[in-house]
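Reading through the structure tokens given below for one structure.
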Amino acid sequence: MTRLITERMILRGPKPTDLEDLFAIFSNPDAMAYWSTAPHEHRDVTQERLDKMAADFAVNPTYFIFERAGSAIGMGGMFSKGDLGYILHPEHWRQGLATEAISAVIDHVWATTDYPQLQAGLDPRNAGSKALLTRLGFVQTGFEANTHCINDVWSDSIYMALVRPKDRK
């Protein structure tokens, strides 16, 4: 089983016991403020996401659960053909944990795939996420207005990309 070890976390595949921790994230309005779907009102929605993640991980282990002190505190990685995404419970924001996890994921993706670049889409109001990606070398490549409508509120998207380093081919 693919596992990545960072200084403060284990990045691993999903387990059925992650449901409660993931529901705590996906039902949290602050965590979901810039996500492309509304907060989960019911565990069955989170369970569907967990089941899909487990099936995807079995085939392509590039999107991980972020585990710290025995709990799932977030998740992220490459979820499809070079697309990068992540989410972290707000209790763990501003501690460098997302940067630590995504750095490890990027190294893993470069080592195990041949994708020429990674890309990420994010809400331009999400200054923390934009700063994280910029620190990791991503550059803005585009902007699109009105890409997501959640509870009758439209959000825009900016797109960022990270080109594979020449020494990681």
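Naming scheme: A, B, ... for chains in displayed order of the structure tokens; residues 1 onward per chain; ligands 1 onward as shown.
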Can you tell me which residues surround Asp56 in chain A at a distance of at most 10 Å, considering only C-alpha atoms, apart from same-chain residues fewer than 5 positions away, and format the answer as an mmCIF file with all heavy atoms, in the first residue's frame?
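To be explicit, this is the file written out as part.cif:
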data_model
loop_
_atom_site.group_PDB
_atom_site.id
_atom_site.type_symbol
_atom_site.label_atom_id
_atom_site.label_comp_id
_atom_site.auth_asym_id
_atom_site.auth_seq_id
_atom_site.Cartn_x
_atom_site.Cartn_y
_atom_site.Cartn_z
ATOM 1 N N GLY A 13 -3.955 5.859 1.979
ATOM 2 C CA GLY A 13 -5.236 5.615 1.346
ATOM 3 C C GLY A 13 -6.370 5.687 2.358
ATOM 4 O O GLY A 13 -6.157 5.610 3.565
ATOM 5 N N PRO A 14 -7.589 5.811 1.859
ATOM 6 C CA PRO A 14 -8.756 5.919 2.741
ATOM 7 C C PRO A 14 -9.113 4.590 3.392
ATOM 8 O O PRO A 14 -8.843 3.524 2.854
ATOM 9 C CB PRO A 14 -9.862 6.375 1.787
ATOM 10 C CG PRO A 14 -9.430 5.889 0.452
ATOM 11 C CD PRO A 14 -7.934 5.912 0.450
ATOM 12 N N LEU A 50 -16.057 8.969 0.136
ATOM 13 C CA LEU A 50 -15.053 8.063 0.697
ATOM 14 C C LEU A 50 -14.970 6.779 -0.128
ATOM 15 O O LEU A 50 -13.867 6.301 -0.430
ATOM 16 C CB LEU A 50 -15.395 7.758 2.158
ATOM 17 C CG LEU A 50 -14.474 6.826 2.923
ATOM 18 C CD1 LEU A 50 -13.050 7.358 2.964
ATOM 19 C CD2 LEU A 50 -15.008 6.621 4.350
ATOM 20 N N ASP A 51 -16.102 6.226 -0.515
ATOM 21 C CA ASP A 51 -16.118 5.011 -1.333
ATOM 22 C C ASP A 51 -15.445 5.239 -2.682
ATOM 23 O O ASP A 51 -14.662 4.411 -3.147
ATOM 24 C CB ASP A 51 -17.551 4.515 -1.545
ATOM 25 C CG ASP A 51 -18.203 4.004 -0.273
ATOM 26 O OD1 ASP A 51 -17.488 3.751 0.722
ATOM 27 O OD2 ASP A 51 -19.445 3.879 -0.274
ATOM 28 N N PRO A 61 -2.915 5.473 -6.771
ATOM 29 C CA PRO A 61 -2.708 6.045 -5.433
ATOM 30 C C PRO A 61 -1.994 7.400 -5.462
ATOM 31 O O PRO A 61 -0.798 7.512 -5.180
ATOM 32 C CB PRO A 61 -1.875 4.976 -4.722
ATOM 33 C CG PRO A 61 -1.130 4.291 -5.820
ATOM 34 C CD PRO A 61 -2.028 4.337 -7.018
ATOM 35 N N THR A 62 -2.763 8.444 -5.790
ATOM 36 C CA THR A 62 -2.192 9.792 -5.840
ATOM 37 C C THR A 62 -3.025 10.812 -5.068
ATOM 38 O O THR A 62 -2.688 11.991 -5.051
ATOM 39 C CB THR A 62 -2.050 10.282 -7.302
ATOM 40 O OG1 THR A 62 -3.323 10.238 -7.932
ATOM 41 C CG2 THR A 62 -1.044 9.445 -8.074
ATOM 42 N N TYR A 63 -4.123 10.390 -4.448
ATOM 43 C CA TYR A 63 -4.967 11.293 -3.654
ATOM 44 C C TYR A 63 -5.110 10.661 -2.271
ATOM 45 O O TYR A 63 -5.649 9.561 -2.142
ATOM 46 C CB TYR A 63 -6.328 11.478 -4.324
ATOM 47 C CG TYR A 63 -7.092 12.672 -3.805
ATOM 48 C CD1 TYR A 63 -6.891 13.936 -4.356
ATOM 49 C CD2 TYR A 63 -8.003 12.543 -2.770
ATOM 50 C CE1 TYR A 63 -7.581 15.038 -3.883
ATOM 51 C CE2 TYR A 63 -8.703 13.642 -2.295
ATOM 52 C CZ TYR A 63 -8.486 14.886 -2.852
ATOM 53 O OH TYR A 63 -9.176 15.980 -2.371
ATOM 54 N N PHE A 79 -6.204 14.203 -8.251
ATOM 55 C CA PHE A 79 -7.452 13.445 -8.314
ATOM 56 C C PHE A 79 -7.834 13.042 -9.720
ATOM 57 O O PHE A 79 -8.663 12.166 -9.885
ATOM 58 C CB PHE A 79 -8.593 14.197 -7.620
ATOM 59 C CG PHE A 79 -8.917 15.539 -8.192
ATOM 60 C CD1 PHE A 79 -9.839 15.673 -9.195
ATOM 61 C CD2 PHE A 79 -8.295 16.676 -7.694
ATOM 62 C CE1 PHE A 79 -10.154 16.921 -9.711
ATOM 63 C CE2 PHE A 79 -8.603 17.926 -8.191
ATOM 64 C CZ PHE A 79 -9.527 18.053 -9.216
ATOM 65 N N SER A 80 -7.271 13.662 -10.729
ATOM 66 C CA SER A 80 -7.509 13.215 -12.100
ATOM 67 C C SER A 80 -6.532 13.891 -13.040
ATOM 68 O O SER A 80 -6.333 15.106 -12.949
ATOM 69 C CB SER A 80 -8.949 13.497 -12.552
ATOM 70 O OG SER A 80 -9.150 14.878 -12.757
#
Within 6 Å of range 20-35 of chain A, counting only C-alpha atoms, which residues show up once you throw out same-chain ones fewer than 6 positions away? Write them as a list of chain:residue names, please.
->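 Those residues are A:Thr46, A:Ala72, A:His89, A:Pro90, A:Asp123.
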For the residues selected in the previous step, produce a file with C-alpha atoms as a PDB file, in the first residue's frame.
ATOM      1  CA  THR A  46     -19.457  11.827   2.675  1.00  0.00           C
ATOM      2  CA  ALA A  72      -7.906  12.134   9.335  1.00  0.00           C
ATOM      3  CA  HIS A  89     -10.095  20.829   8.680  1.00  0.00           C
ATOM      4  CA  PRO A  90      -9.959  24.476   9.874  1.00  0.00           C
ATOM      5  CA  ASP A 123     -11.644  30.455  -5.709  1.00  0.00           C
TER       6      ASP A 123
END
Mind listing the helix (DSSP H, G or I) residues of chain A, per DSSP on the backbone, as a count of residues only?
-> 59
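Considering the residues A:Gly128, A:Gly142, A:Pro39, A:Pro165 and counting only C-alpha atoms, Ile106 in chain A has its shortest atom-to-atom contact with A:Pro165.
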Could you name the residues that touch range 147-152 of chain A at 8 Å or less, counting only C-alpha atoms, but leaving out those on the same chain fewer than 5 positions away, as number ranges by chain?
-> A: 36-38, 157
Identify which of the residues A:Gln119, A:Gln47, A:Thr113, A:Asn60 lies closest to Gly82 in chain A, counting only C-alpha atoms when measuring atom-to-atom distances.
->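 When distances to Gly82 in chain A are compared using only C-alpha atoms, the smallest one comes from A:Gln119.
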Name all residues at most 10 Å from Ser71 in chain A (count only C-alpha atoms; drop same-chain ones fewer than 4 positions away) and give them as a VMD selection string.
-> chain A and resid 9 to 10 17 to 18 20 to 22 65 to 67
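Secondary structure by DSSP on the backbone puts the following residues of range 14-106 of chain A in strand (DSSP E): Tyr63, Phe64, Ile65, Phe66, Glu67, Arg68, Ser71, Ala72, Ile73, Gly74, Met75, Gly76, Gly77, Met78, Phe79, Ser80, Asp83, Leu84, Gly85, Tyr86, Ile87 and Leu88 of chain A.
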Nearby residues (only C-alpha atoms) at most 12 Å from Val109 in chain A, same-chain spacing under 6 positions excluded, as a list in words |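 Using only C-alpha atoms, the neighbours found are Thr2, Leu4, Asn60, Pro61, Thr62, Tyr63, Phe64, Gly77, Met78, Phe79, Ser80, Lys81, Gly82, Asp83, Leu84, Ile102, Ser103, Tyr115, Pro116, Gln117, Leu118, Leu162, Val163, Arg164, Pro165, Arg168 and Lys169 of chain A.
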Tell me, in Å to one decimal, how far CA of Leu19 in chain A is from CA of Ile5 in chain A.
-> 21.6 Å
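Close contacts of Glu100 in chain A, defined as residues with an atom at most 9 Å away when counting only C-alpha atoms, with chain neighbours fewer than 2 positions off set aside, comprise Thr6, Glu7, Arg8, Met9, Gly96, Leu97, Ala98, Ile102, Ser103, Ala104 and Val105 of chain A.
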If you measure from CA of Ala145 in chain A to CA of Pro124 in chain A, what distance in Å do you get, rounded to one decimal?
->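 Here the two named atoms are 10.1 Å from each other.
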Using CA of Arg68 in chain A and CA of Asp114 in chain A as the two end points, give the distance in Å to one decimal.
->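 Computing it gives 29.5 Å between the two atoms.
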